[in-house]
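Pasted below: data.cif, mmCIF, C-alpha atoms.
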data_work
#
loop_
_atom_site.label_atom_id
_atom_site.label_comp_id
_atom_site.auth_asym_id
_atom_site.auth_seq_id
_atom_site.Cartn_x
_atom_site.Cartn_y
_atom_site.Cartn_z
CA MET A 1 -117.51 188.76 187.92
CA TRP A 2 -115.05 191.24 189.39
CA LEU A 3 -112.65 188.40 190.12
CA GLN A 4 -112.79 187.25 186.51
CA LEU A 5 -112.27 190.80 185.33
CA MET A 6 -109.24 191.24 187.56
CA ARG A 7 -107.77 187.96 186.38
CA ARG A 8 -108.24 188.99 182.75
CA LEU A 9 -106.64 192.35 183.45
CA ALA A 10 -103.69 190.59 185.13
CA ARG A 11 -103.23 188.36 182.09
CA ILE A 12 -103.34 191.35 179.75
CA VAL A 13 -100.80 193.25 181.84
CA GLY A 14 -98.54 190.20 181.91
CA VAL A 15 -98.64 189.82 178.13
CA ALA A 16 -98.06 193.56 177.69
CA ARG A 17 -95.08 193.45 180.02
CA LEU A 18 -93.49 190.57 178.11
CA GLU A 19 -94.09 192.32 174.79
CA LEU A 20 -92.56 195.50 176.14
CA LEU A 21 -89.48 193.57 177.26
CA HIS A 22 -89.18 192.05 173.77
CA LEU A 23 -89.41 195.54 172.31
CA VAL A 24 -86.80 197.05 174.62
CA ARG A 25 -84.34 194.20 173.97
CA ASP A 26 -84.64 194.51 170.19
CA PRO A 27 -82.26 197.30 169.08
CA THR A 28 -83.35 197.05 165.43
CA THR A 29 -86.97 197.70 166.30
CA ILE A 30 -86.04 200.56 168.62
CA ALA A 31 -83.93 202.14 165.87
CA LEU A 32 -86.80 201.78 163.40
CA ILE A 33 -89.29 203.39 165.73
CA THR A 34 -87.06 206.32 166.70
CA THR A 35 -85.33 207.14 163.41
CA LEU A 36 -88.15 206.52 160.92
CA PRO A 37 -90.13 209.68 161.81
CA ALA A 38 -87.05 211.91 161.66
CA ILE A 39 -85.84 210.49 158.32
CA GLN A 40 -89.27 210.68 156.72
CA ILE A 41 -89.95 214.24 157.78
CA LEU A 42 -86.53 215.42 156.59
CA LEU A 43 -86.96 213.74 153.20
CA PHE A 44 -90.52 214.86 152.60
CA GLY A 45 -90.05 218.28 154.15
CA TYR A 46 -86.88 219.31 152.33
CA ALA A 47 -86.63 217.11 149.22
CA VAL A 48 -90.25 217.10 147.99
CA ASN A 49 -91.54 220.24 146.28
CA LEU A 50 -95.01 220.40 144.73
CA ASP A 51 -94.24 223.76 143.11
CA PRO A 52 -90.96 223.16 141.21
CA ARG A 53 -88.80 226.02 139.96
CA GLY A 54 -85.79 226.28 137.67
CA ILE A 55 -87.54 224.61 134.72
CA ARG A 56 -85.41 224.65 131.56
CA ILE A 57 -87.04 226.52 128.67
CA ALA A 58 -85.83 227.21 125.11
CA ILE A 59 -87.20 230.10 123.00
CA ALA A 60 -87.25 230.07 119.20
CA GLY A 61 -88.92 232.06 116.44
CA ASP A 62 -88.73 235.29 114.46
CA ALA A 63 -89.92 237.62 117.19
CA GLY A 64 -87.53 240.31 116.08
CA ALA A 65 -86.73 243.03 118.55
CA ALA A 66 -89.39 241.73 120.91
CA ALA A 67 -87.38 238.58 121.66
CA ASP A 68 -85.61 240.20 124.60
CA ASP A 69 -88.95 241.40 125.97
CA VAL A 70 -90.32 237.86 125.67
CA ARG A 71 -87.34 236.49 127.57
CA ARG A 72 -87.80 239.03 130.35
CA SER A 73 -91.49 238.11 130.61
CA VAL A 74 -90.63 234.43 130.85
CA GLU A 75 -87.98 234.98 133.50
CA SER A 76 -90.30 237.24 135.50
CA THR A 77 -92.54 234.26 136.29
CA GLY A 78 -89.84 232.87 138.59
CA TYR A 79 -90.38 229.34 137.26
CA PHE A 80 -88.03 229.18 134.28
CA VAL A 81 -84.36 229.20 133.41
CA VAL A 82 -83.79 230.14 129.77
CA VAL A 83 -81.21 227.72 128.40
CA ALA A 84 -81.37 229.01 124.80
CA ASP A 85 -83.13 231.83 122.92
CA HIS A 86 -83.05 233.51 119.51
CA LEU A 87 -83.20 230.00 118.05
CA PRO A 88 -84.39 229.30 114.50
CA PRO A 89 -88.02 228.14 114.16
CA GLY A 90 -88.48 224.56 115.32
CA ALA A 91 -85.26 224.43 117.35
CA ALA A 92 -86.98 224.86 120.73
CA ALA A 93 -89.29 221.90 120.04
CA ARG A 94 -86.29 219.79 119.04
CA MET A 95 -84.51 220.66 122.31
CA VAL A 96 -87.54 219.38 124.25
CA ALA A 97 -87.58 216.18 122.18
CA ASP A 98 -83.86 215.71 122.84
CA GLY A 99 -84.28 216.18 126.60
CA ARG A 100 -82.27 219.41 126.74
CA ALA A 101 -85.28 221.45 127.84
CA LEU A 102 -88.58 220.72 129.52
CA VAL A 103 -90.47 223.50 127.73
CA GLY A 104 -90.02 224.98 124.29
CA LEU A 105 -91.56 228.32 123.25
CA GLU A 106 -91.98 228.71 119.48
CA LEU A 107 -92.83 232.31 118.57
CA THR A 108 -94.58 232.71 115.22
CA GLY A 109 -95.13 235.80 113.10
CA SER A 110 -94.37 239.32 114.20
CA PRO A 111 -94.46 240.58 117.78
CA PRO A 112 -97.97 240.67 119.22
CA ALA A 113 -100.20 243.36 117.77
CA LEU A 114 -97.33 245.73 116.87
CA HIS A 115 -98.94 246.36 113.49
CA GLY A 116 -102.51 246.63 114.67
CA GLY A 117 -103.45 243.07 113.83
CA ALA A 118 -104.42 240.20 116.03
CA PRO A 119 -101.69 238.98 118.35
CA SER A 120 -99.73 236.00 117.12
CA GLN A 121 -100.32 232.75 118.94
CA PRO A 122 -97.13 231.12 120.23
CA ARG A 123 -96.64 227.38 120.22
CA ILE A 124 -95.62 225.81 123.51
CA VAL A 125 -94.06 222.35 123.53
CA ALA A 126 -93.78 220.67 126.95
CA ASP A 127 -92.27 217.40 128.13
CA ALA A 128 -95.29 215.55 129.57
CA THR A 129 -93.45 212.55 130.98
CA ASP A 130 -94.05 214.22 134.36
CA PRO A 131 -96.88 216.76 133.87
CA SER A 132 -96.92 217.81 137.53
CA ALA A 133 -93.39 219.18 137.12
CA VAL A 134 -94.40 221.71 134.45
CA ARG A 135 -98.14 222.34 134.85
CA PRO A 136 -97.89 225.22 137.41
CA ALA A 137 -95.09 226.76 135.38
CA LEU A 138 -97.13 226.64 132.16
CA ALA A 139 -99.99 228.46 133.87
CA ALA A 140 -97.55 231.19 134.92
CA LEU A 141 -96.11 231.28 131.40
CA GLU A 142 -99.57 231.81 129.88
CA SER A 143 -100.23 234.64 132.31
CA ALA A 144 -96.90 236.25 131.40
CA TYR A 145 -97.70 235.90 127.70
CA TRP A 146 -101.01 237.74 127.95
CA GLU A 147 -99.39 240.45 130.04
CA HIS A 148 -96.82 240.84 127.27
CA VAL A 149 -99.62 241.04 124.68
CA ALA A 150 -101.40 243.73 126.68
CA ARG A 151 -98.28 245.85 126.92
CA ALA A 152 -97.41 245.43 123.24
CA SER A 153 -100.97 246.36 122.23
CA GLY A 154 -100.88 249.57 124.24
CA LEU A 155 -103.56 248.34 126.65
CA GLY A 156 -101.43 248.94 129.69
CA ALA A 157 -100.55 246.41 132.36
CA TRP A 158 -102.72 243.30 132.25
CA ARG A 159 -103.86 242.22 135.67
CA PRO A 160 -104.77 238.59 136.25
CA ALA A 161 -107.50 237.69 138.71
CA GLU A 162 -106.43 238.08 142.31
CA VAL A 163 -106.43 234.75 144.14
CA GLU A 164 -106.69 234.58 147.92
CA TRP A 165 -105.04 231.43 149.27
CA LEU A 166 -106.48 230.33 152.58
CA TYR A 167 -104.71 228.30 155.29
CA ASN A 168 -101.43 227.99 153.34
CA PRO A 169 -100.96 231.37 151.65
CA ASP A 170 -97.35 230.77 150.63
CA GLY A 171 -98.14 227.38 149.12
CA ARG A 172 -95.49 225.66 151.24
CA THR A 173 -95.13 222.00 150.31
CA ALA A 174 -94.09 221.01 153.83
CA TRP A 175 -97.36 222.35 155.23
CA THR A 176 -99.27 220.16 152.78
CA ILE A 177 -97.27 216.95 153.22
CA VAL A 178 -96.20 216.86 156.86
CA PRO A 179 -99.72 216.63 158.40
CA GLY A 180 -100.39 213.48 156.38
CA LEU A 181 -96.86 212.24 156.98
CA ALA A 182 -97.63 211.77 160.67
CA GLY A 183 -100.36 209.31 159.68
CA VAL A 184 -98.12 207.52 157.17
CA VAL A 185 -95.32 207.01 159.70
CA VAL A 186 -97.70 205.63 162.33
CA MET A 187 -99.49 203.44 159.78
CA ILE A 188 -96.33 201.78 158.45
CA SER A 189 -94.79 201.28 161.89
CA MET A 190 -97.95 199.85 163.44
CA LEU A 191 -98.68 197.55 160.50
CA MET A 192 -95.15 196.14 160.55
CA LEU A 193 -94.99 195.75 164.32
CA GLY A 194 -98.41 194.12 164.45
CA ALA A 195 -97.64 191.85 161.49
CA LEU A 196 -94.52 190.45 163.15
CA THR A 197 -95.92 189.72 166.62
CA LEU A 198 -97.24 186.16 166.38
CA VAL A 199 -95.00 185.14 163.47
CA ARG A 200 -91.98 186.09 165.56
CA GLU A 201 -93.29 184.01 168.45
CA ARG A 202 -93.58 180.94 166.22
CA GLU A 203 -90.19 181.38 164.55
CA GLN A 204 -88.42 182.01 167.86
CA GLY A 205 -90.02 178.96 169.46
CA THR A 206 -91.96 180.83 172.14
CA TRP A 207 -95.34 180.14 170.54
CA GLU A 208 -95.77 176.89 172.46
CA SER A 209 -95.07 178.65 175.76
CA LEU A 210 -97.75 181.21 174.96
CA LEU A 211 -100.27 178.46 174.21
CA ALA A 212 -99.48 176.79 177.54
CA THR A 213 -100.65 179.86 179.45
CA PRO A 214 -104.30 180.65 180.26
CA VAL A 215 -104.13 183.62 177.88
CA ASP A 216 -107.00 183.62 175.39
CA ALA A 217 -107.30 185.43 172.06
CA ALA A 218 -108.57 188.73 173.47
CA ASP A 219 -105.88 188.79 176.18
CA ALA A 220 -103.15 188.22 173.60
CA LEU A 221 -104.55 190.84 171.23
CA ILE A 222 -104.86 193.58 173.84
CA GLY A 223 -101.74 192.69 175.80
CA LYS A 224 -99.39 192.36 172.84
CA LEU A 225 -100.56 195.47 171.04
CA SER A 226 -101.08 197.96 173.89
CA PRO A 227 -97.36 198.91 174.20
CA TYR A 228 -97.23 199.69 170.50
CA VAL A 229 -100.24 201.99 170.75
CA LEU A 230 -98.18 204.19 173.05
CA VAL A 231 -95.28 204.00 170.62
CA GLY A 232 -97.52 205.11 167.73
CA THR A 233 -98.83 208.06 169.72
CA LEU A 234 -95.27 209.08 170.56
CA GLN A 235 -94.27 208.85 166.90
CA ALA A 236 -97.10 211.16 165.83
CA ALA A 237 -96.16 213.67 168.53
CA VAL A 238 -92.51 213.57 167.42
CA VAL A 239 -93.43 214.22 163.77
CA LEU A 240 -95.64 217.18 164.65
CA GLY A 241 -93.03 218.56 167.03
CA ILE A 242 -90.24 218.33 164.45
CA ALA A 243 -92.49 219.92 161.83
CA ARG A 244 -93.27 222.78 164.16
CA VAL A 245 -89.58 223.45 164.81
CA LEU A 246 -88.22 222.95 161.28
CA PHE A 247 -91.05 224.22 159.08
CA ASP A 248 -92.98 226.52 161.42
CA LEU A 249 -96.08 224.40 160.89
CA PRO A 250 -99.04 226.21 162.45
CA LEU A 251 -100.74 224.31 165.23
CA THR A 252 -103.93 226.35 165.19
CA GLY A 253 -106.58 223.75 166.07
CA SER A 254 -107.14 221.27 168.86
CA VAL A 255 -103.83 219.40 168.90
CA ALA A 256 -104.85 217.69 172.14
CA ALA A 257 -107.93 216.18 170.45
CA LEU A 258 -105.78 215.02 167.56
CA LEU A 259 -103.22 213.32 169.81
CA ALA A 260 -106.05 211.75 171.80
CA ALA A 261 -107.33 210.23 168.55
CA VAL A 262 -103.95 208.79 167.54
CA PRO A 263 -104.33 205.65 169.74
CA ILE A 264 -107.52 204.74 167.86
CA TYR A 265 -105.77 205.23 164.54
CA ALA A 266 -102.69 203.29 165.69
CA ALA A 267 -104.80 200.46 167.11
CA ALA A 268 -106.69 200.08 163.82
CA HIS A 269 -103.46 199.31 161.97
CA LEU A 270 -102.02 197.26 164.81
CA VAL A 271 -104.94 194.85 164.93
CA LEU A 272 -104.90 194.58 161.14
CA GLY A 273 -101.20 193.73 161.28
CA PHE A 274 -101.99 191.23 164.06
CA ALA A 275 -104.50 189.58 161.71
CA PHE A 276 -101.84 189.34 159.00
CA SER A 277 -99.49 187.81 161.58
CA ALA A 278 -102.06 185.23 162.66
CA LEU A 279 -102.84 184.24 159.08
CA ALA A 280 -99.24 184.13 157.82
CA ASP A 281 -96.86 181.19 158.07
CA SER A 282 -93.69 183.29 157.92
CA GLN A 283 -92.48 186.82 158.54
CA MET A 284 -92.17 187.36 154.79
CA GLN A 285 -95.85 186.60 154.26
CA ALA A 286 -96.85 188.89 157.12
CA VAL A 287 -94.74 191.77 155.76
CA GLN A 288 -96.13 191.29 152.26
CA GLY A 289 -99.65 191.50 153.67
CA ALA A 290 -98.79 194.77 155.41
CA VAL A 291 -97.27 196.22 152.22
CA LEU A 292 -100.34 195.14 150.26
CA PHE A 293 -102.43 197.33 152.55
CA TYR A 294 -100.30 200.42 153.12
CA LEU A 295 -99.35 201.11 149.49
CA PRO A 296 -102.97 201.59 148.35
CA SER A 297 -103.57 203.60 151.51
CA MET A 298 -100.85 206.07 150.54
CA LEU A 299 -102.13 206.33 146.97
CA LEU A 300 -105.86 206.64 147.68
CA SER A 301 -105.89 208.70 150.88
CA GLY A 302 -105.08 212.11 149.40
CA PHE A 303 -101.63 212.11 151.01
CA MET A 304 -99.70 211.90 147.72
CA PHE A 305 -102.32 212.87 145.13
CA PRO A 306 -105.37 215.19 145.27
CA PHE A 307 -108.30 213.20 146.61
CA GLN A 308 -110.88 215.23 144.65
CA GLY A 309 -109.10 214.45 141.38
CA MET A 310 -109.66 210.69 141.74
CA PRO A 311 -112.54 208.86 140.02
CA GLY A 312 -115.60 208.01 142.07
CA TRP A 313 -114.68 204.38 142.69
CA ALA A 314 -111.23 205.40 143.95
CA GLN A 315 -112.74 207.96 146.34
CA THR A 316 -115.15 205.31 147.63
CA ALA A 317 -112.24 202.94 148.27
CA GLY A 318 -110.20 205.73 149.84
CA ASN A 319 -112.98 206.59 152.29
CA LEU A 320 -112.72 203.04 153.67
CA LEU A 321 -109.09 203.57 154.67
CA PRO A 322 -108.08 205.01 158.08
CA LEU A 323 -105.28 207.11 156.58
CA THR A 324 -107.77 209.11 154.49
CA HIS A 325 -109.65 210.26 157.58
CA PHE A 326 -106.49 210.87 159.58
CA VAL A 327 -105.04 213.08 156.83
CA ARG A 328 -108.23 215.15 156.76
CA ALA A 329 -108.34 215.46 160.53
CA THR A 330 -104.67 216.42 160.78
CA ARG A 331 -104.79 219.03 158.02
CA GLY A 332 -107.97 220.44 159.51
CA VAL A 333 -106.51 220.74 163.00
CA LEU A 334 -103.09 222.05 161.98
CA LEU A 335 -104.04 224.38 159.13
CA LYS A 336 -107.75 225.22 159.44
CA SER A 337 -108.12 225.57 163.24
CA ASP A 338 -110.59 222.69 163.43
CA GLY A 339 -111.49 221.40 166.86
CA ALA A 340 -112.53 218.20 168.57
CA PRO A 341 -115.85 217.79 166.67
CA THR A 342 -114.00 217.52 163.36
CA VAL A 343 -111.53 215.04 164.81
CA PHE A 344 -114.34 212.96 166.28
CA ALA A 345 -116.24 212.93 162.97
CA GLU A 346 -113.17 211.73 161.05
CA MET A 347 -112.15 209.17 163.66
CA SER A 348 -115.56 207.50 163.84
CA PRO A 349 -115.00 205.51 160.61
CA VAL A 350 -111.51 204.65 161.87
CA ALA A 351 -112.98 203.21 165.07
CA ILE A 352 -115.40 201.10 163.04
CA PHE A 353 -112.48 199.88 160.93
CA ALA A 354 -110.58 198.98 164.12
CA VAL A 355 -113.51 196.95 165.45
CA LEU A 356 -113.85 195.02 162.19
CA ALA A 357 -110.09 194.44 162.03
CA ALA A 358 -110.12 193.20 165.63
CA ALA A 359 -112.88 190.72 164.77
CA VAL A 360 -110.79 189.39 161.89
CA ALA A 361 -107.69 189.24 164.11
CA LEU A 362 -109.50 187.31 166.86
CA TRP A 363 -110.94 184.87 164.32
CA ALA A 364 -107.52 184.34 162.75
CA TYR A 365 -105.86 183.87 166.17
CA ARG A 366 -108.43 181.29 167.29
CA ARG A 367 -108.10 179.52 163.95
CA ARG A 368 -104.33 179.37 164.39
CA ILE A 369 -104.69 177.94 167.91
CA GLU A 370 -107.07 175.25 166.71
#
So that I can check it, write out the structure of this file as structure tokens.
Amino acid sequence: MWLQLMRRLARIVGVARLELLHLVRDPTTIALITTLPAIQILLFGYAVNLDPRGIRIAIAGDAGAAADDVRRSVESTGYFVVVADHLPPGAAARMVADGRALVGLELTGSPPALHGGAPSQPRIVADATDPSAVRPALAALESAYWEHVARASGLGAWRPAEVEWLYNPDGRTAWTIVPGLAGVVVMISMLMLGALTLVREREQGTWESLLATPVDAADALIGKLSPYVLVGTLQAAVVLGIARVLFDLPLTGSVAALLAAVPIYAAAHLVLGFAFSALADSQMQAVQGAVLFYLPSMLLSGFMFPFQGMPGWAQTAGNLLPLTHFVRATRGVLLKSDGAPTVFAEMSPVAIFAVLAAAVALWAYRRRIE
């Protein structure tokens, strides 16, 4: 038994060594592995902003002497840039329709409660082609409006409810995106690398040589994919390290437990990519299979859109994806000081996914051999 085990281990190490040599001699793959994390983190960290500012607003209506006070209230929110004011009624709405402003404020009647009556209700017109770009700003605008009403009515300063933001008090977009970005980078890299393993062997003519060896399906699966597991772990560490340096991302939880869980997460996508590679007849088919998996993963995992805002069926589908659990584990460790128990709880479904994907990969490999 021990002799058989040692022979299997020798075969696995031999396959892993050959795969590592292929990886080292492929400059394109090396460039992809090393530059992808840096490019992604720079783009998502600096270019993406979930709390946009500088939104163009136009103000119209017969607000009289209060128009300047309205403008000051709008500008005090910090979200808006007034591109036109003192416009005739209806002009602000037309500027939004023409694309010259994202928000139009139509003031109606006299200034709020200056004559003892009920405050006039303004009309707000917003460009909803991208609601996420204006929704936080509109909430701030409504708050500023009621503060203006309170002052004009002689009620003193109106104080909105005090909100205590936990874990990310400044609402920094980078702190929200970067933890999940580590999972996205590893997922895409591992899927692509796994999807191209066997297809590359067949297209380069080395498939027959592999079949002539005593390597079986399990040997090939473990040997070919083990070097890439190390690569995936390194990628995740690089992303977190860059995020710490560039965005001061807090590493408050058990980072060691998180990095120890990365090989399981990377292996889950590697074996799935290996299954795509075994089933495909060309590299194009294998890549398309990988894309077919990772796009829904990005959409349903909570990385790009709030997970709690999805319908029930979408949340059920998202809970089946490894990226969903990795995003939760990473945000918990980095922002909420979660420890190893949280990481273990989130990685358990990922391990089950990896086992099922490995079963599919082994079946597909044996089917290809036959």
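You can rank A:Thr342, A:Gln235, A:Asn168, A:Thr77 by their closest distance to A:Val262 using all atoms listed in the file, and at the top of that list sits A:Gln235.
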Which centre and which edge lengths, in Å to one decimal, describe the axis-aligned box that holds all listed atoms of stretch 224-242 of chain A after 5 Å is added on each side, as lines of an AutoDock Vina configuration file?
center_x = -95.7
center_y = 205.5
center_z = 169.0
size_x = 20.8
size_y = 36.2
size_z = 20.4
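If you look at atom CA of A:Phe276 and atom CA of A:Ala359, they are 12.5 Å away from each other.
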Exercise. Excluding A:Val103 and any residue of its chain fewer than 6 positions from it, enumerate the residues within 10 Å of it, using all atoms listed in the file, and give them as a count of residues only.
Key: 20
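Distance-wise, atom CA of A:Pro296 and atom CA of A:Ser337 end up 28.7 Å apart.
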Quiz item: Once the PyMOL selection byres ((chain A and resi 325) around 10) has been applied to the shown file, what residues remain in the selection, as a VMD selection string?
Solution: chain A and resid 180 183 265 301 to 302 318 to 324 326 to 330 343 345 to 350
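Of the listed residues (A:Ala340, A:Met284, A:Leu279, A:Leu193), A:Leu193 comes nearest to A:Ala267; the distances count only C-alpha atoms.
Here atom CA of A:Leu36 and atom CA of A:Asp281 stand 26.9 Å from one another.
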Practice problem: Write out as number ranges by chain each polymer residue whose atoms come within 8 Å of A:Leu251, counting all atoms listed in the file; drop sequence neighbours fewer than 4 positions from it. | Solution: A: 244, 255, 333-335, 337
Practice problem: Determine the nearest neighbour of A:Ala268 from the options A:Ile222, A:Met187, A:Ala354, A:Ala236, counting only C-alpha atoms. | Solution: A:Ala354
Quiz item: For A:Ser73, which residue out of A:Leu107, A:Ala140, A:Leu196, A:Ala91 is the nearest one, using all atoms listed in the file?
Solution: A:Ala140
Fewer than 2 positions away in the same chain doesn't count, so skip those; otherwise give me all residues within 12 Å of A:Thr176, counting only C-alpha atoms, as an mmCIF file with C-alpha atoms, keeping the file's coordinate frame.
data_model
loop_
_atom_site.group_PDB
_atom_site.id
_atom_site.type_symbol
_atom_site.label_atom_id
_atom_site.label_comp_id
_atom_site.auth_asym_id
_atom_site.auth_seq_id
_atom_site.Cartn_x
_atom_site.Cartn_y
_atom_site.Cartn_z
ATOM 1 C CA PHE A 44 -90.520 214.860 152.600
ATOM 2 C CA GLY A 45 -90.050 218.280 154.150
ATOM 3 C CA VAL A 48 -90.250 217.100 147.990
ATOM 4 C CA ASN A 49 -91.540 220.240 146.280
ATOM 5 C CA LEU A 50 -95.010 220.400 144.730
ATOM 6 C CA ASP A 51 -94.240 223.760 143.110
ATOM 7 C CA TYR A 167 -104.710 228.300 155.290
ATOM 8 C CA ASN A 168 -101.430 227.990 153.340
ATOM 9 C CA PRO A 169 -100.960 231.370 151.650
ATOM 10 C CA ASP A 170 -97.350 230.770 150.630
ATOM 11 C CA GLY A 171 -98.140 227.380 149.120
ATOM 12 C CA ARG A 172 -95.490 225.660 151.240
ATOM 13 C CA THR A 173 -95.130 222.000 150.310
ATOM 14 C CA ALA A 174 -94.090 221.010 153.830
ATOM 15 C CA VAL A 178 -96.200 216.860 156.860
ATOM 16 C CA PRO A 179 -99.720 216.630 158.400
ATOM 17 C CA GLY A 180 -100.390 213.480 156.380
ATOM 18 C CA LEU A 181 -96.860 212.240 156.980
ATOM 19 C CA ALA A 182 -97.630 211.770 160.670
ATOM 20 C CA ALA A 243 -92.490 219.920 161.830
ATOM 21 C CA PHE A 247 -91.050 224.220 159.080
ATOM 22 C CA LEU A 249 -96.080 224.400 160.890
ATOM 23 C CA PRO A 250 -99.040 226.210 162.450
ATOM 24 C CA GLY A 302 -105.080 212.110 149.400
ATOM 25 C CA PHE A 303 -101.630 212.110 151.010
ATOM 26 C CA MET A 304 -99.700 211.900 147.720
ATOM 27 C CA PHE A 305 -102.320 212.870 145.130
ATOM 28 C CA PRO A 306 -105.370 215.190 145.270
ATOM 29 C CA VAL A 327 -105.040 213.080 156.830
ATOM 30 C CA ARG A 328 -108.230 215.150 156.760
ATOM 31 C CA THR A 330 -104.670 216.420 160.780
ATOM 32 C CA ARG A 331 -104.790 219.030 158.020
ATOM 33 C CA GLY A 332 -107.970 220.440 159.510
ATOM 34 C CA LEU A 334 -103.090 222.050 161.980
ATOM 35 C CA LEU A 335 -104.040 224.380 159.130
ATOM 36 C CA LYS A 336 -107.750 225.220 159.440
#
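Using the PyMOL selection byres ((chain A and resi 280) around 10) on this structure selects A:Ala195, A:Leu196, A:Leu198, A:Val199, A:Phe274, A:Ala275, A:Phe276, A:Ser277, A:Ala278, A:Leu279, A:Asp281, A:Ser282, A:Gln283, A:Met284, A:Gln285, A:Ala286, A:Val287, A:Gln288, A:Gly289, A:Ala364, A:Arg368.
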